[in-house]
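Asker: Quick one: this structure, given as structure tokens, is what I'll be asking you about.
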Amino acid sequence: MVLFCAAVVLFLTIAVQKTIDREFLSSEQSVKELLYFPSAQAVKLFAGGNEMMIADYLWMRMIQYYAYHMRSDRRYEYLYPITDRLTDLDPKFMYPYTFGALLLVHDASDSVNSMRLLDKAKKMNPDKWEFPYMKGFILYIFLKQNDEAIREFLEASNLPNAWDGALRFAAWISKKQGQRKTSKLMWQQLYDKSSSKNERDVAQYYLDKITIEEEIDRLQSLAEKYRQLHGKWPKNLSELVVVGLTKSIVLDKFGRSYYWNETDCQVHNGTHDRYLRMIGKME
Amino acid sequence: MKRVLAIALNTFKETVRDRILYGLIFFVLLVLPGSRLVIPLAIGQEIKIMKDFGFAAITLFGLLISVVVGTTLVFKELDKRTIYVLVAKPVRRWELLLGKYFGLMGTLTVSFLIMSATMTVTIMMMGGKIDGLLGYSVFGIYMQFVVITSVAIFFSTLASPALSAAFTFCLFIAGTAADQLRLFADRMPGSFLKVAVNAISYLIPNLQNCNFRTEAVYGLEVPLSKIWLMTAYCLLYTGVMLILGSLVLERKDLK
């Protein structure tokens with residue numbers, strides 16, 4: 001009889017709990033509770049050395065929170081606070097920084113906190129190349145802030161065990177922007193640092209390309225000067241030598257010549273023309 | 001020494017019979033299937049979470065064994081008056097204390113070996129890497145309990161099991177935050193408070209010295225000198241606790 005009563009009371013207790021859960025427990029509610037989570041400093045004081053496990057718990061709650069809102073309203077107001085708390089508890093836990101930053105900018109459209117999180121990551125882990133790399137990636141892909149992206153990629157490339165892609169990206173972005181000098185420096189650095197022959201070949205390819213483009217620009221500016229002096233464009237580049245604007249017209253590294261195109265009044269180069277045809281910018 | 005060993009062996013058998021093994025079985029059953037539950041939630045961080053969980057579980061169970069058993073060991077002898085039989089043998093009181101300590105440490109050592117083996121096997125089954133850093137971390141936790149057990153036994157010579165357990169637990173929590181106390185000391189107004197808080201931070205056992213979990217989880221380097229210094233610190237602190245406990249027991253009126 002007593003056991004039966006105990007079973008009934010237990011059943012009622014469970015029923016009441018289910019009602020509470022249905023009425024009040026949602027992913028949002030459970031995350032709001034986390035906002036009343038004591039500060040990392042306080043948790044560390046009383047965690048008995050187990051703050052990393054508490055951070056893991058927050059990580060799993062963060063994933064659940066994200067998944068819930070991704071399937072429903074796509075609003076992630078508490079994503080940054082949770083990530084911030086858990087990285088306070090375990091500053092070396094890399095994934096929340098990078099994954100969190102990506103989710104913040106891509107899903108939550110919260111670029112400010114995304115950058116804030118990555119800046120914190122860099123401060124707490126100054127020797128990890130992944131964080132400036134991710135920051136550069138986000139700055140370039142999502143925020144279109146190329147100059148800042150280049151700075152971050154360069155910073156990443158100078159850190160221990162950095163992926164060579166950071167330097168390549170920095171060089172590629174600079175080149176695309178016309179920042180040829182910076183780009184040349186970066187490719188040179190990649191060439192000097194790389195232990196891979198293939199990578200050095202790629203770096204050399206871009207260095208040669210930049211050298212050719214620099215020479216094209218130099219000759220074009222001389223042609224412009226010729227026009228200012230004589231009131232017309234030169235018929236060919238030898239005329240620049242004849243009037244003393246330059247000592248000689250050299251061949252490029254591959255033995256191809258620079259030449260003047262009377263149709264578009266531009267300096268061209270055989271190697272550069274081949275490149276432009278390859279990328280479909282020239283017929 | 002023979003008397004100490006005899007008491008130690010007896011204590012070991014007694015504590016093992018004290019259902020500690022059931023706790024270990026529970027640990028083994030908790031960790032292995034528990035790790036499988038973690039996997040869907042962890043999003044690529046299974047090994048890290050398993051390590052964190054494993055270390056926390058070993059710490060919890062180690063603390064339970066140290067505190068629950070350690071605080072009753074000497075008290076039981078005093079309470080049941082069985083200490084008279086021993087003292088009449090003749091067994092010196094410090095030999096009794098040492099024997100109890102080593103007996104409990106024997107049980108703790110066996111428990112640690114089982115728990116760390118369980119954790120290692122679980123990590124291997126999950127595809128994780130087993131390296132020396134894991135061993136350092138488990139050794140660090142073990143040394144924490146070398147200290148905490150001595151603290152529990154010291155308190156058991158002074159107070160009832162409930163009070164001893166409370167004091168030991170508080171000292172454990174304070175010990176894991178001892179270096180933070182020193183940071184607080186710097187911010188204290190007035191030199192007296194600074195000195196007082198600093199002194200307290202040195203008097204409580206600095207268990208943070210024994211914490212190599214970050215290194216084990218993130219593969220960071222641990223200088224060997226740090227391990228030696230940590231071991232020396234723990235052994236010295238344990239020595240102080242056992243000496244104080246012996247002094248208290250020597251002066252205790254057994255009537």
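By convention in this document, the chains of the structure tokens carry letters A, B, ... by their order, each chain's residues are numbered from 1, and ligands are numbered from 1 in the order they are shown.
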Could you list, as a ChimeraX atom specification, the residues of chain B having an atom within 8 Å of chain A when counting only C-alpha atoms?

Answerer: /B:41-43,49,52-53,56,172-174,176-177,180,208,211,214,218

Asker: Since we have the selection now, will you write its residues out, keeping N, CA and C atoms, as a CSV table (one decimal), in the first residue's frame?

Answerer:
```
chain,number,residue,atom,x,y,z
B,41,LEU,N,26.7,15.4,-29.6
B,41,LEU,CA,26.6,16.7,-29.2
B,41,LEU,C,27.9,17.5,-29.3
B,42,ALA,N,29.0,16.8,-29.5
B,42,ALA,CA,30.3,17.4,-29.4
B,42,ALA,C,30.8,18.1,-30.7
B,43,ILE,N,30.2,17.8,-31.8
B,43,ILE,CA,30.6,18.4,-33.1
B,43,ILE,C,32.1,18.5,-33.2
B,49,ILE,N,36.4,16.6,-25.1
B,49,ILE,CA,35.3,16.5,-24.1
B,49,ILE,C,35.5,15.2,-23.3
B,52,ASP,N,38.3,15.9,-20.8
B,52,ASP,CA,37.8,16.8,-19.7
B,52,ASP,C,36.9,16.0,-18.8
B,53,PHE,N,36.0,15.3,-19.4
B,53,PHE,CA,35.0,14.5,-18.6
B,53,PHE,C,35.7,13.5,-17.7
B,56,ALA,N,37.6,15.1,-14.9
B,56,ALA,CA,36.7,15.6,-13.8
B,56,ALA,C,36.1,14.4,-13.0
B,172,PHE,N,40.0,21.7,-0.3
B,172,PHE,CA,40.2,21.2,-1.7
B,172,PHE,C,39.9,22.4,-2.6
B,173,ILE,N,38.7,22.9,-2.4
B,173,ILE,CA,38.2,24.0,-3.3
B,173,ILE,C,39.2,25.2,-3.2
B,174,ALA,N,39.6,25.6,-2.0
B,174,ALA,CA,40.5,26.7,-1.8
B,174,ALA,C,41.8,26.4,-2.4
B,176,THR,N,42.5,24.6,-5.0
B,176,THR,CA,42.5,24.7,-6.5
B,176,THR,C,42.5,26.1,-7.0
B,177,ALA,N,42.2,27.0,-6.0
B,177,ALA,CA,42.2,28.5,-6.3
B,177,ALA,C,43.3,29.2,-5.6
B,180,GLN,N,44.9,32.1,-7.3
B,180,GLN,CA,44.0,33.3,-7.4
B,180,GLN,C,43.9,34.1,-6.2
B,208,GLN,N,46.7,23.8,-7.5
B,208,GLN,CA,46.8,24.2,-8.9
B,208,GLN,C,48.1,23.8,-9.5
B,211,ASN,N,47.8,20.7,-11.7
B,211,ASN,CA,46.8,20.7,-12.7
B,211,ASN,C,47.5,20.8,-14.1
B,214,THR,N,45.1,21.3,-19.0
B,214,THR,CA,45.2,22.1,-20.3
B,214,THR,C,46.3,21.6,-21.2
B,218,TYR,N,45.4,20.1,-24.8
B,218,TYR,CA,45.8,20.8,-26.0
B,218,TYR,C,47.2,20.5,-26.4
```

Asker: Please provide the set of residues having any atom within 8 Å of Tyr80 of chain A, restricted to only C-alpha atoms, with same-chain residues fewer than 6 positions apart removed, written as a PyMOL selection string.

Answerer: chain A and resi 100+104+113-114

Asker: Those same residues, written as a short mmCIF file (atom, residue, chain, number, x, y, z; two decimals), in the first residue's frame with C-alpha atoms?

Answerer:
```cif
data_model
loop_
_atom_site.label_atom_id
_atom_site.label_comp_id
_atom_site.auth_asym_id
_atom_site.auth_seq_id
_atom_site.Cartn_x
_atom_site.Cartn_y
_atom_site.Cartn_z
CA GLY A 100 31.53 30.94 -33.29
CA LEU A 104 28.15 35.13 -35.89
CA ASN A 113 30.97 40.45 -32.18
CA SER A 114 32.53 38.08 -34.67
#
```

Asker: Just the number, please: distance in Å from atom CA of Arg256 of chain A to atom CA of Ala203 of chain A, one decimal.

Answerer: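 Here the two named atoms are 20.2 Å from each other.
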
Asker: Quick one: residues within 8 Å of segment 232-238 of chain A, only C-alpha atoms, excluding same-chain residues fewer than 6 positions away - as a tab-separated table (two decimals) with N, CA and C atoms, in the first residue's frame?

Answerer:
```
chain	number	residue	atom	x	y	z
A	223	ALA	N	56.31	55.88	-72.71
A	223	ALA	CA	55.58	56.17	-73.95
A	223	ALA	C	54.71	57.42	-73.77
A	224	GLU	N	54.13	57.55	-72.61
A	224	GLU	CA	53.31	58.73	-72.30
A	224	GLU	C	54.19	60.00	-72.32
A	226	TYR	N	56.93	60.34	-73.99
A	226	TYR	CA	57.27	60.55	-75.42
A	226	TYR	C	56.16	61.34	-76.08
A	248	SER	N	67.68	50.70	-73.03
A	248	SER	CA	67.42	49.59	-73.94
A	248	SER	C	66.06	48.99	-73.63
A	249	ILE	N	65.57	48.17	-74.58
A	249	ILE	CA	64.33	47.41	-74.35
A	249	ILE	C	64.74	45.96	-74.22
A	258	TYR	N	58.93	42.91	-75.33
A	258	TYR	CA	57.91	43.93	-75.07
A	258	TYR	C	57.68	44.65	-76.40
A	259	TYR	N	56.44	44.97	-76.72
A	259	TYR	CA	56.18	45.65	-77.98
A	259	TYR	C	55.06	46.67	-77.83
A	260	TRP	N	55.07	47.61	-78.81
A	260	TRP	CA	54.08	48.67	-78.79
A	260	TRP	C	52.94	48.30	-79.72
A	261	ASN	N	51.69	48.40	-79.23
A	261	ASN	CA	50.52	48.11	-80.06
A	261	ASN	C	49.90	49.44	-80.47
A	262	GLU	N	49.96	49.73	-81.77
A	262	GLU	CA	49.47	51.03	-82.26
A	262	GLU	C	47.95	51.14	-82.19
A	265	CYS	N	47.39	51.69	-78.39
A	265	CYS	CA	48.39	52.58	-77.78
A	265	CYS	C	48.82	52.11	-76.40
```

Asker: For Leu97 of chain B, which of B:Thr168, B:Ser111, B:Ser246, B:Thr11 is the closest residue, counting only C-alpha atoms?

Answerer: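 Result for the nearest residue to Leu97 of chain B: B:Ser246.
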
Asker: For segment 231-234 of chain B, please output as a PyMOL selection string all residues within 9 Å (counting only C-alpha atoms; exclusion window: fewer than 4 positions along the same chain).

Answerer: chain B and resi 140+143-144+146-147+205-207+209-210+226-227+238-239

Asker: Would you mind reading off the distance between atom CA of Tyr237 of chain B and atom CA of Phe112 of chain B, one decimal, in Å?

Answerer: 20.7 Å

Asker: Between A:Gln220, A:Gln228, A:Leu117, A:Trp187, which residue has the minimum interatomic distance to Asp264 of chain A, considering only C-alpha atoms?

Answerer: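 The answer is A:Gln220, which sits nearest to Asp264 of chain A.
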
Asker: If we count only C-alpha atoms, what is near Lys135 of chain A at a cut-off of 7 Å, once residues fewer than 3 positions away on the same chain are taken out, given as a list in words?

Answerer: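 Once the nearby chain positions are removed, what remains is Met115, Leu118, Phe131, Pro132, Ile138, Leu139 and Glu152 of chain A.
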
Asker: Using only C-alpha atoms, which protein or nucleic acid residues come within 7 Å of Ile7 of chain B? Drop anything in the same chain fewer than 4 positions from it, and give the result as number ranges by chain.

Answerer: B: 3, 11, 96, 99-100

Asker: Please provide as a list in words all residues within 10 Å of Leu158 of chain B, with the sequence filter that same-chain residues fewer than 4 positions apart are discarded (counting only C-alpha atoms).

Answerer: Thr71, Val74, Phe75, Ile153, Phe154, Leu163, Ser164, Gly245, Val248, Leu249 and Lys252 of chain B

Asker: Could you tell me, as a ChimeraX atom specification, which residues of segment 46-251 of chain B DSSP assigns to alpha helix (DSSP H) when given the backbone?

Answerer: /B:46-64,70-79,83-87,93-125,132-156,161-176,178-186,191-203,213-218,224-251

Asker: To one decimal in Å, tell me the separation between atom CA of Val222 of chain B and atom CA of Val110 of chain B.

Answerer: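 Computing the Euclidean distance for atom CA of Val222 of chain B and atom CA of Val110 of chain B yields 25.4 Å.
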
Asker: Out of B:Leu30, B:Ile123, B:Ile141, B:Met1, which residue has the shortest atom-to-atom distance to Ile58 of chain B when counting only C-alpha atoms?

Answerer: B:Ile141
